[in-house]
Structures are given as structure tokens and as C-alpha cells.
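Okay, model10.cif now, which holds mmCIF, C-alpha atoms:
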data_upload
loop_
_atom_site.label_atom_id
_atom_site.label_comp_id
_atom_site.auth_asym_id
_atom_site.auth_seq_id
_atom_site.Cartn_x
_atom_site.Cartn_y
_atom_site.Cartn_z
CA MET A 1 118.77 116.40 125.74
CA SER A 2 121.48 114.43 123.97
CA SER A 3 121.67 110.65 124.13
CA ALA A 4 124.71 108.40 124.11
CA THR A 5 124.80 108.79 120.34
CA GLY A 6 125.44 112.50 120.59
CA ILE A 7 122.40 113.20 118.40
CA SER A 8 119.62 115.17 120.04
CA GLY A 9 116.55 113.03 120.64
CA ALA A 10 118.17 109.82 119.36
CA VAL A 11 118.75 106.61 121.28
CA ALA A 12 121.59 104.14 121.06
CA LEU A 13 120.92 101.04 118.97
CA ARG A 14 120.86 97.69 120.69
CA SER A 15 123.52 95.30 119.46
CA ASP A 16 120.94 92.84 118.08
CA VAL A 17 119.05 95.40 116.01
CA ARG A 18 119.61 95.71 112.28
CA PRO A 19 119.14 99.29 111.07
CA GLY A 20 116.18 99.46 108.73
CA ALA A 21 114.27 96.49 110.18
CA ALA A 22 111.38 97.73 112.32
CA LEU A 23 111.15 94.59 114.47
CA SER A 24 114.76 93.50 114.32
CA GLY A 25 115.75 91.90 117.61
CA VAL A 26 112.18 90.81 118.37
CA LYS A 27 111.99 87.06 118.88
CA VAL A 28 108.69 85.35 118.09
CA LEU A 29 107.86 81.78 119.05
CA ASP A 30 105.10 80.65 116.69
CA LEU A 31 103.05 77.71 117.98
CA SER A 32 100.19 78.41 115.57
CA ARG A 33 99.09 76.65 112.42
CA VAL A 34 96.67 76.98 109.48
CA LEU A 35 96.01 80.67 108.73
CA ALA A 36 95.08 83.29 111.35
CA GLY A 37 98.12 82.71 113.58
CA PRO A 38 100.62 82.19 110.75
CA TRP A 39 99.26 85.29 108.98
CA ALA A 40 99.99 87.34 112.11
CA THR A 41 103.49 85.94 112.55
CA GLN A 42 104.32 86.37 108.86
CA ALA A 43 103.39 90.05 109.19
CA LEU A 44 105.80 90.33 112.11
CA ALA A 45 108.48 88.40 110.20
CA ASP A 46 108.13 90.70 107.20
CA MET A 47 108.82 93.62 109.54
CA GLY A 48 112.07 92.04 110.66
CA ALA A 49 111.13 89.86 113.64
CA GLU A 50 112.91 86.53 114.07
CA VAL A 51 110.11 83.95 113.89
CA VAL A 52 110.63 80.32 114.84
CA LYS A 53 107.70 78.12 113.85
CA VAL A 54 107.25 74.98 115.96
CA GLU A 55 105.60 72.10 114.09
CA ARG A 56 104.71 68.49 114.72
CA PRO A 57 107.47 66.07 113.69
CA GLY A 58 106.70 64.29 110.43
CA VAL A 59 103.46 66.18 109.84
CA GLY A 60 103.90 69.88 110.37
CA ASP A 61 101.35 72.62 109.89
CA ASP A 62 98.06 71.19 108.60
CA THR A 63 98.21 73.41 105.53
CA ARG A 64 101.33 71.66 104.22
CA ALA A 65 98.86 68.99 103.08
CA TRP A 66 96.01 71.31 101.98
CA GLY A 67 96.19 70.67 98.26
CA PRO A 68 96.25 70.33 95.38
CA PRO A 69 98.04 72.26 94.14
CA PHE A 70 101.34 71.03 95.57
CA PHE A 71 104.92 71.97 94.79
CA GLU A 72 107.13 69.27 93.31
CA THR A 73 110.47 68.46 94.88
CA ARG A 74 113.67 68.14 92.87
CA ASP A 75 113.29 64.37 93.28
CA GLY A 76 109.87 64.42 91.64
CA GLU A 77 108.02 63.84 94.90
CA ARG A 78 105.05 65.79 96.25
CA GLY A 79 106.17 68.80 98.28
CA ASP A 80 104.27 71.33 100.34
CA ALA A 81 100.85 72.58 99.32
CA ALA A 82 100.72 76.05 97.82
CA TYR A 83 98.37 77.03 100.65
CA PHE A 84 101.16 76.69 103.23
CA THR A 85 103.41 79.10 101.38
CA CYS A 86 100.97 82.03 101.54
CA ALA A 87 101.45 82.57 105.29
CA ASN A 88 104.89 81.26 106.27
CA ARG A 89 107.50 83.37 104.52
CA ASN A 90 110.51 84.61 106.53
CA LYS A 91 110.22 81.93 109.24
CA ARG A 92 112.36 79.08 110.47
CA SER A 93 110.78 75.66 111.01
CA VAL A 94 111.56 73.53 114.05
CA THR A 95 109.87 70.19 114.65
CA ILE A 96 109.22 69.34 118.31
CA ASP A 97 106.78 66.90 119.88
CA MET A 98 105.30 68.95 122.71
CA ALA A 99 103.43 65.89 124.01
CA ASP A 100 106.81 64.51 125.08
CA PRO A 101 107.94 66.20 128.33
CA ARG A 102 111.39 66.74 126.82
CA GLY A 103 109.79 68.49 123.84
CA ALA A 104 107.64 70.68 126.05
CA GLU A 105 110.74 71.61 128.05
CA LEU A 106 112.54 72.63 124.84
CA ILE A 107 109.64 74.91 123.95
CA ARG A 108 109.65 76.40 127.45
CA GLN A 109 113.34 77.17 127.06
CA MET A 110 112.59 78.89 123.76
CA ALA A 111 109.73 80.84 125.34
CA ALA A 112 111.98 82.04 128.14
CA GLU A 113 113.97 83.99 125.55
CA ALA A 114 111.04 85.05 123.36
CA ASP A 115 109.47 88.49 123.18
CA VAL A 116 106.28 87.06 121.68
CA VAL A 117 104.49 83.71 121.76
CA VAL A 118 101.58 83.07 119.39
CA GLU A 119 99.29 80.05 119.67
CA ASN A 120 95.89 78.99 118.37
CA PHE A 121 95.09 75.87 120.36
CA LYS A 122 91.70 75.31 121.94
CA VAL A 123 91.17 77.15 125.22
CA GLY A 124 93.23 75.42 127.89
CA GLY A 125 94.80 73.05 125.39
CA LEU A 126 98.38 74.01 126.21
CA ALA A 127 98.06 73.93 130.00
CA LYS A 128 98.75 70.20 130.18
CA TYR A 129 102.12 70.79 128.54
CA GLY A 130 102.99 73.75 130.74
CA LEU A 131 102.85 76.03 127.69
CA ASP A 132 99.85 78.15 128.61
CA TYR A 133 100.13 81.86 129.38
CA GLU A 134 100.32 81.49 133.16
CA SER A 135 103.06 78.86 132.98
CA LEU A 136 105.22 80.79 130.51
CA ALA A 137 104.63 84.20 132.10
CA ALA A 138 106.08 82.77 135.31
CA ILE A 139 109.43 82.32 133.54
CA ASN A 140 109.26 85.34 131.20
CA ARG A 141 107.36 88.32 132.60
CA ARG A 142 108.07 90.59 129.61
CA MET A 143 106.59 88.12 127.07
CA VAL A 144 103.58 89.11 124.94
CA TYR A 145 101.47 85.95 124.65
CA CYS A 146 98.79 85.99 121.95
CA SER A 147 96.05 83.36 121.93
CA ILE A 148 93.87 83.08 118.82
CA THR A 149 90.68 81.03 119.13
CA GLY A 150 87.23 80.83 117.61
CA PHE A 151 85.37 82.48 120.47
CA GLY A 152 87.93 83.76 122.97
CA GLN A 153 89.17 82.63 126.36
CA THR A 154 85.89 83.36 128.17
CA GLY A 155 82.16 83.06 127.61
CA PRO A 156 79.65 80.25 126.95
CA TYR A 157 81.21 79.38 123.57
CA ALA A 158 84.85 79.49 124.69
CA ALA A 159 85.31 75.72 124.44
CA ARG A 160 83.97 75.54 120.88
CA ALA A 161 86.27 75.15 117.92
CA GLY A 162 86.06 78.00 115.43
CA TYR A 163 86.71 77.95 111.70
CA ASP A 164 86.60 80.77 109.21
CA TYR A 165 83.67 79.38 107.21
CA MET A 166 81.41 78.82 110.20
CA ILE A 167 82.34 82.22 111.66
CA GLN A 168 81.48 83.93 108.35
CA GLY A 169 78.04 82.38 108.75
CA MET A 170 77.61 82.83 112.50
CA GLY A 171 79.11 86.32 112.49
CA GLY A 172 76.70 87.75 109.94
CA LEU A 173 79.00 88.09 106.93
CA MET A 174 77.21 85.50 104.82
CA SER A 175 73.84 87.13 105.53
CA ILE A 176 74.99 90.24 103.61
CA THR A 177 76.99 88.43 100.90
CA GLY A 178 75.37 86.98 97.78
CA GLN A 179 72.45 87.74 95.50
CA PRO A 180 69.28 89.10 97.11
CA ASP A 181 66.31 86.84 97.69
CA GLY A 182 64.39 86.29 94.47
CA ALA A 183 67.40 86.81 92.20
CA PRO A 184 68.99 83.91 90.29
CA GLY A 185 71.45 82.03 92.48
CA ALA A 186 70.22 83.67 95.66
CA GLU A 187 71.69 82.17 98.83
CA PRO A 188 73.98 83.28 101.65
CA MET A 189 77.52 83.22 100.29
CA LYS A 190 80.97 83.02 101.85
CA VAL A 191 83.75 85.29 100.65
CA GLY A 192 86.23 83.73 98.22
CA VAL A 193 89.16 83.85 100.67
CA ALA A 194 89.19 83.16 104.42
CA VAL A 195 88.73 86.80 105.36
CA VAL A 196 87.92 86.16 109.02
CA ASP A 197 91.21 84.34 109.49
CA LEU A 198 93.07 87.08 107.62
CA PHE A 199 91.46 89.93 109.55
CA THR A 200 92.10 88.04 112.78
CA GLY A 201 95.76 87.69 111.87
CA LEU A 202 96.01 91.42 111.26
CA TYR A 203 94.22 92.31 114.51
CA ALA A 204 96.51 89.87 116.32
CA ALA A 205 99.61 91.47 114.81
CA ASN A 206 98.37 94.91 115.85
CA ALA A 207 97.67 93.68 119.37
CA ILE A 208 101.14 92.15 119.59
CA LEU A 209 102.77 95.41 118.50
CA CYS A 210 100.82 97.26 121.21
CA GLY A 211 101.95 94.64 123.72
CA LEU A 212 105.57 95.03 122.66
CA LEU A 213 105.41 98.80 123.14
CA HIS A 214 103.93 98.33 126.60
CA ALA A 215 106.54 95.71 127.51
CA ARG A 216 109.32 97.98 126.30
CA ALA A 217 108.02 100.82 128.48
CA THR A 218 107.22 98.80 131.61
CA GLY A 219 109.02 95.46 131.39
CA GLU A 220 105.64 93.74 131.71
CA GLY A 221 104.15 91.42 129.11
CA GLN A 222 100.50 90.47 128.84
CA HIS A 223 98.01 88.00 127.41
CA MET A 224 96.29 89.01 124.17
CA ASP A 225 92.95 87.21 123.71
CA ILE A 226 91.91 87.40 120.03
CA ALA A 227 88.73 85.64 118.82
CA LEU A 228 87.57 85.04 115.26
CA PHE A 229 83.96 85.72 116.29
CA ASP A 230 84.87 89.07 117.86
CA VAL A 231 86.84 90.05 114.77
CA GLN A 232 84.03 89.14 112.40
CA ALA A 233 81.61 91.25 114.43
CA ALA A 234 84.07 94.16 114.35
CA VAL A 235 84.52 94.07 110.59
CA LEU A 236 80.78 94.24 109.95
CA ALA A 237 81.66 97.94 110.17
CA ASN A 238 79.05 100.14 108.46
CA GLN A 239 76.62 97.24 108.13
CA ALA A 240 76.55 96.88 111.92
CA SER A 241 76.13 100.64 112.24
CA ASN A 242 73.24 100.52 109.77
CA TYR A 243 71.56 97.94 112.01
CA PHE A 244 72.23 99.89 115.21
CA ALA A 245 70.78 103.04 113.63
CA THR A 246 67.61 101.44 112.25
CA GLY A 247 66.99 98.28 114.24
CA LYS A 248 66.70 96.45 110.92
CA ALA A 249 69.20 93.77 109.94
CA PRO A 250 70.71 94.45 106.48
CA GLY A 251 70.22 91.78 103.83
CA ARG A 252 72.04 90.62 100.73
CA LEU A 253 72.41 93.10 97.88
CA GLY A 254 74.58 91.17 95.48
CA ASN A 255 77.15 93.59 94.10
CA ALA A 256 75.29 96.71 95.23
CA HIS A 257 76.27 98.89 98.21
CA PRO A 258 73.91 99.43 101.15
CA ASN A 259 74.72 103.15 101.47
CA LEU A 260 75.74 104.28 97.96
CA ALA A 261 74.28 104.19 94.45
CA PRO A 262 75.26 103.57 91.73
CA TYR A 263 77.95 101.42 93.32
CA GLN A 264 77.81 98.02 91.67
CA VAL A 265 78.72 95.85 88.69
CA PHE A 266 77.35 96.76 85.27
CA ALA A 267 77.56 94.78 82.05
CA THR A 268 79.57 96.43 79.27
CA ALA A 269 79.83 95.72 75.54
CA ASP A 270 82.55 93.12 76.15
CA GLY A 271 82.06 91.96 79.73
CA ALA A 272 81.50 93.82 82.98
CA MET A 273 82.97 96.55 85.14
CA VAL A 274 82.70 97.99 88.63
CA LEU A 275 81.26 101.48 88.88
CA ALA A 276 81.88 102.98 92.33
CA ILE A 277 80.28 106.43 92.48
CA GLY A 278 80.72 107.88 95.95
CA ASN A 279 79.14 111.33 95.78
CA ASP A 280 76.80 113.58 93.82
CA GLY A 281 79.60 115.31 91.92
CA GLN A 282 80.90 112.01 90.61
CA PHE A 283 77.38 111.06 89.52
CA ARG A 284 77.01 114.27 87.56
CA ALA A 285 80.45 113.77 86.03
CA PHE A 286 79.45 110.27 84.96
CA ALA A 287 76.21 111.48 83.40
CA HIS A 288 77.93 114.09 81.26
CA ALA A 289 80.84 111.82 80.27
CA ALA A 290 78.38 109.10 79.28
CA ASP A 291 76.41 111.51 77.05
CA ALA A 292 73.44 111.10 79.36
CA PRO A 293 72.99 114.58 80.92
CA GLU A 294 69.36 113.75 81.62
CA LEU A 295 70.54 111.50 84.45
CA ALA A 296 72.09 114.44 86.26
CA GLU A 297 68.87 116.42 85.88
CA ASP A 298 66.46 113.64 86.91
CA PRO A 299 64.95 114.61 90.30
CA ARG A 300 64.73 110.91 91.26
CA PHE A 301 68.53 110.71 91.24
CA ALA A 302 69.56 114.18 92.44
CA THR A 303 71.24 113.03 95.66
CA ASN A 304 72.85 109.85 96.92
CA ALA A 305 70.02 109.29 99.40
CA LEU A 306 67.47 109.48 96.56
CA ARG A 307 69.57 107.20 94.37
CA VAL A 308 69.82 104.59 97.15
CA ALA A 309 66.04 104.72 97.59
CA ALA A 310 65.55 104.31 93.82
CA ARG A 311 68.48 101.97 93.18
CA GLY A 312 66.38 99.53 91.11
CA GLU A 313 65.05 102.22 88.79
CA LEU A 314 68.50 103.78 88.51
CA ALA A 315 70.12 100.48 87.56
CA GLN A 316 67.50 99.90 84.86
CA VAL A 317 68.18 103.31 83.37
CA MET A 318 71.94 102.96 83.51
CA ALA A 319 72.26 99.38 82.21
CA PRO A 320 71.72 100.19 78.51
CA ILE A 321 74.04 103.19 78.78
CA LEU A 322 76.91 101.08 80.15
CA ALA A 323 76.33 98.41 77.52
CA ARG A 324 77.27 100.83 74.73
CA ARG A 325 81.04 100.75 75.30
CA GLU A 326 83.72 98.19 76.10
CA THR A 327 85.15 98.03 79.60
CA ARG A 328 88.54 99.57 78.77
CA ALA A 329 86.87 102.42 76.90
CA TRP A 330 84.68 103.19 79.90
CA ILE A 331 87.67 103.12 82.24
CA ALA A 332 89.65 105.55 80.08
CA LEU A 333 86.64 107.86 79.74
CA LEU A 334 85.62 107.87 83.39
CA GLU A 335 89.08 108.04 84.91
CA ALA A 336 89.64 111.21 82.92
CA VAL A 337 86.76 112.89 84.78
CA GLY A 338 87.47 111.42 88.22
CA VAL A 339 84.76 108.75 88.35
CA PRO A 340 85.95 105.60 90.20
CA CYS A 341 85.64 102.44 88.12
CA GLY A 342 87.61 99.37 87.22
CA PRO A 343 87.73 95.98 85.52
CA ILE A 344 86.85 92.67 87.15
CA ASN A 345 90.13 90.83 86.83
CA MET A 346 90.84 87.16 87.10
CA ILE A 347 93.65 86.52 89.58
CA ASP A 348 96.23 86.04 86.81
CA GLN A 349 95.24 89.43 85.40
CA VAL A 350 95.76 91.10 88.80
CA PHE A 351 99.49 90.43 88.68
CA GLU A 352 99.74 91.49 85.04
CA GLU A 353 98.42 94.97 85.81
CA PRO A 354 101.17 97.56 85.21
CA GLN A 355 100.60 98.89 88.71
CA ALA A 356 101.16 95.44 90.21
CA VAL A 357 104.38 95.07 88.25
CA HIS A 358 105.58 98.52 89.27
CA ARG A 359 104.82 97.91 92.96
CA GLY A 360 106.53 94.52 92.95
CA LEU A 361 103.53 92.61 94.25
CA VAL A 362 105.06 89.19 93.55
CA VAL A 363 107.89 87.79 95.68
CA GLU A 364 109.86 84.91 94.15
CA GLN A 365 112.10 82.77 96.37
CA VAL A 366 114.11 79.62 95.79
CA ARG A 367 113.97 76.72 98.26
CA GLY A 368 116.62 74.09 97.67
CA ASP A 369 114.37 71.04 97.89
CA LEU A 370 111.78 72.27 95.39
CA ALA A 371 111.90 72.06 91.61
CA ALA A 372 110.48 75.55 91.07
CA PRO A 373 110.66 78.87 92.91
CA ILE A 374 107.95 79.77 95.41
CA ARG A 375 105.95 82.84 94.48
CA THR A 376 103.98 84.71 97.15
CA VAL A 377 102.21 88.06 97.33
CA ALA A 378 104.40 90.82 98.74
CA SER A 379 103.55 92.61 101.95
CA PRO A 380 101.51 95.74 101.16
CA ILE A 381 103.56 97.78 103.66
CA ARG A 382 105.81 100.42 102.06
CA ALA A 383 107.88 102.13 104.74
CA SER A 384 110.46 104.81 103.92
CA ARG A 385 112.89 103.94 106.74
CA THR A 386 111.97 100.40 107.77
CA PRO A 387 111.10 98.53 104.58
CA VAL A 388 109.76 95.01 104.62
CA ILE A 389 112.52 92.42 104.65
CA VAL A 390 112.21 89.21 102.62
CA GLU A 391 115.02 86.84 103.51
CA ARG A 392 113.67 83.30 103.84
CA PRO A 393 111.26 81.29 101.69
CA PRO A 394 108.48 79.39 103.46
CA PRO A 395 110.56 76.71 105.20
CA ALA A 396 110.74 72.98 104.61
CA LEU A 397 109.41 71.01 107.56
CA GLY A 398 111.99 70.95 110.34
CA ALA A 399 114.67 72.54 108.17
CA ASP A 400 116.03 74.64 111.04
CA THR A 401 115.60 72.29 114.00
CA ALA A 402 119.26 71.44 114.48
CA ALA A 403 120.46 75.01 113.98
CA VAL A 404 117.95 76.49 116.42
CA LEU A 405 118.69 73.89 119.10
CA ALA A 406 122.43 74.35 118.64
CA ALA A 407 121.99 78.09 119.15
CA MET A 408 120.21 77.23 122.40
CA GLY A 409 123.36 75.45 123.54
CA LYS A 410 122.37 71.86 122.76
CA SER A 411 125.26 69.63 121.74
CA GLU A 412 125.31 67.49 118.62
CA ALA A 413 124.95 64.41 120.84
CA GLU A 414 121.91 65.86 122.61
CA ILE A 415 120.27 66.81 119.31
CA ALA A 416 120.97 63.35 117.86
CA ALA A 417 119.48 61.66 120.93
CA LEU A 418 116.33 63.77 120.75
CA ALA A 419 115.98 62.91 117.05
CA GLU A 420 116.53 59.22 117.73
CA ASP A 421 113.72 59.28 120.31
CA GLY A 422 111.34 61.16 117.98
CA VAL A 423 111.17 64.24 120.23
CA ILE A 424 112.37 66.38 117.31
#

Please, can you express the file's structure as C-alpha cells?
Amino acid sequence: MSSATGISGAVALRSDVRPGAALSGVKVLDLSRVLAGPWATQALADMGAEVVKVERPGVGDDTRAWGPPFFETRDGERGDAAYFTCANRNKRSVTIDMADPRGAELIRQMAAEADVVVENFKVGGLAKYGLDYESLAAINRRMVYCSITGFGQTGPYAARAGYDYMIQGMGGLMSITGQPDGAPGAEPMKVGVAVVDLFTGLYAANAILCGLLHARATGEGQHMDIALFDVQAAVLANQASNYFATGKAPGRLGNAHPNLAPYQVFATADGAMVLAIGNDGQFRAFAHAADAPELAEDPRFATNALRVAARGELAQVMAPILARRETRAWIALLEAVGVPCGPINMIDQVFEEPQAVHRGLVVEQVRGDLAAPIRTVASPIRASRTPVIVERPPPALGADTAAVLAAMGKSEAEIAALAEDGVI
């Protein structure tokens, strides 16, 4: 069947859609702050959605002050913290005091036109402003409303605040991260970045996309209830499955893998490297490349299951072998025979890798009030027809308030009056 375009199977483009932007025409009202919510909305913004970030007048997102390090303004003053810039690219910033009834009404007007609303207030925290799901769904039935909290909208812990660090502990991640008991420095350890917040942001973005597809098909929006605790439990992945299968809670293994061996860090002649052998063929290839064929013939190490059971003995045998060569020499040797391995880079070295340069992993943007460009890590999405769009640097606080309100039909006099009264 032919569509209005005359091309079989195609559909006519809406007037507000930019070809090549997957989420062009999607309007997102971002009431979130810190990391999980902003990470989700930045993902949507990178895919072409129009994201308006609502912040507190004079203060803004908490992470604007989470430094050092801070950017310096052209006037030599302290600007935004670097932390803020990691999750707020491609957005516009509007400052509105939602505690003022006039401010709450402005946000309701914005929500009436939004496809998506994202918030991460405590459960019930927005109801007093008339900005909760029920209130906004009454004026916009097609809206996808995503709430991000520590423990979800229901349950005995629903009222508790949730933070990445405490959820890493409570959700089991720290119990499997760090050196094993008895080893130097043994203690439960958090991951070096806020992975629960980041995973939650990604799950939230996925949920929102599902909600948008449903709304497009039915005209009905819905409430997405995303909890850090639920996400952390989900990303226990194979470690949770190991527990379910055995009834025994996994413990900390340092840099070793619970289901594979050898799959850990080894010292080399000039530092250390990661050796990530995933099957018996790779183990045999390593043994022969390392001039240690006896390893491949040792009955203790013949299969992965045997190697996992004898991981301590195996590591003792392999340690002096790996110490014979420098890291780069090992990588060249082992890559040639298909054995996974790699260096342990400092963060500056990550972006110096030829692959990082080729893939364009650094985005540099100029913001007029800052003395230096803002550099952020590029979206990892590479789409052949709908590439990621980078148009706006992480915004200055309230930089777009007047423009957004004017587009809503507010006059210059109305905007000036709201500013005078501290509503915006």
C-alpha cells in the first residue's frame, strides 16, 4: 500500500520532525537533577529530543556546585562544576520556582505540551505543587511520565531517599567488588563511577522510548516507575544467577571472574595488563604463544571449569610467565592469536588511544560565558540513518528562560514581572 508520500511502506513526515534525528519533535520536560535523571534526558537529547531542564532560580541543579574542578568564566569567576557538564549536553535551562503557585502553573503549561516528563523527587514530593503524574496526566493523557527514585513508588522503603553509594552497598554490588577477605586492602568497595545512577538513567531512557511507542500507537501515556534499588538488583546479572543456582552468595574476587579463568589482572615486566580468556581454545592459544605449551597439556587446567576450580594454582603458574614481557609486547603477541587482553589505562590515556581518536569519543563545545571549551564524552550510539546530534553545550543556569517562556506566548512584560518577583 502506498502512503501520501507515494513511496510504498513509507509515511509522511510531520512538520516538526528533522530528517535524521530519531527523536526530533519529541518534547521532554526535565524536572530531574544530579545524575540518573539527567543521564536519561541527555540520552534522549542526543537522539534529537527537545529537552527543557527546569532548575531552581539562583541555585540550579545540585551538581553545578559539585566541585572542584570548576570551569572558569571569562570574567575570572567560578563557573559550573565539571560534574554538571557530563549529563546535561543538548538541553535548554529554564529557572522556575515551583514552590510559587505561578511557577508551578508555568511548569503545568509546559507539561501540557510535553511528550515526556522526567522527575526524581521523593515519592509524593510533587503532588503539593500539582506536578505529580495524576495531576499532569489529567491535562495531557499522551504524556510519558518517568519517576526515578531510590526504591520506587511502592513498598516499605518507598519513602526512603536513595543514593548511588548506599544502593551499591544495599544492592549487593559492593559485596562482590574489592579484594577477597585475607588479601591486602580487603574490604567491600564501591565502583569508581556512580554506576547505579548511570544504569538507572539508561533503563529510564529505554522505558521512556517504550512509552513513546505505546503513546504513538494508542494516544495513551503512562507512568514509568524506575528505582535505583531495582536496577542494581537487575544488573547483578550472572552473579545473581550464580546465587540462584547454588544458594550461595558470591563473594569478592578482586580482579578475578567468578565464572572464567584466567580472567584477571597480571603483572608484566613494566606494569600490568588484563588477560580475559573466555574459552578453552583461547587458553591453548595463549599457552603456545607464551612458549608455555605445558599449560595447555596440564590436566588441572584442561577446561574452564577445572581452571575456575584451580584458579589459585593457575595464577601462581602464570604469574612468572606474564612477568617476562612488557605489556605492549604481550598485547601485540596475544592479539595476533586471538587472545583477549589489554592495558590498564589512566583516564587521560583512554582518550589518547588511536581507536578513541578515530571514533571521536570527545565532544568539544564552546559556551559564551566560559573561558575554555567544555569537553564531554560522546554518545556511544552510532546510527547509520539517525546519528546522534550535538547542538548545545551544557547550558548556563537559566540561559533559556526568557526564550522558552516567550515561545509559550508570554509577553516581555509578563516575563519581566515574573523575574522581578523571583518566580523565574

task: Go through the shown structure with the PyMOL selection byres ((chain A and resi 278-287) around 10) and write out the matching residues as number ranges by chain.
output: A: 259-263, 275-277, 288-297, 301-305, 307, 318, 321, 333-335, 337-340

query: Which residues, written as a ChimeraX atom specification, have at least one atom at most 9 Å from stretch 154-167 of chain A, with all atoms listed in the file counted and residues fewer than 6 positions away on the same chain left out?
result: /A:122-124,173,190-191,194-197,227-229,232

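Note that atom CA of A:Ala356 and atom CA of A:Gly20 are 24.2 Å apart.
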
task: Identify which of the residues A:Val51, A:Ile148, A:Ile424, A:Leu361 lies closest to A:Arg382, counting only C-alpha atoms when measuring atom-to-atom distances.
output: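 Among A:Val51, A:Ile148, A:Ile424, A:Leu361, it is A:Leu361 that comes nearest to A:Arg382.
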
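In this structure, atom CA of A:Tyr203 sits 27.9 Å away from atom CA of A:Gly247.
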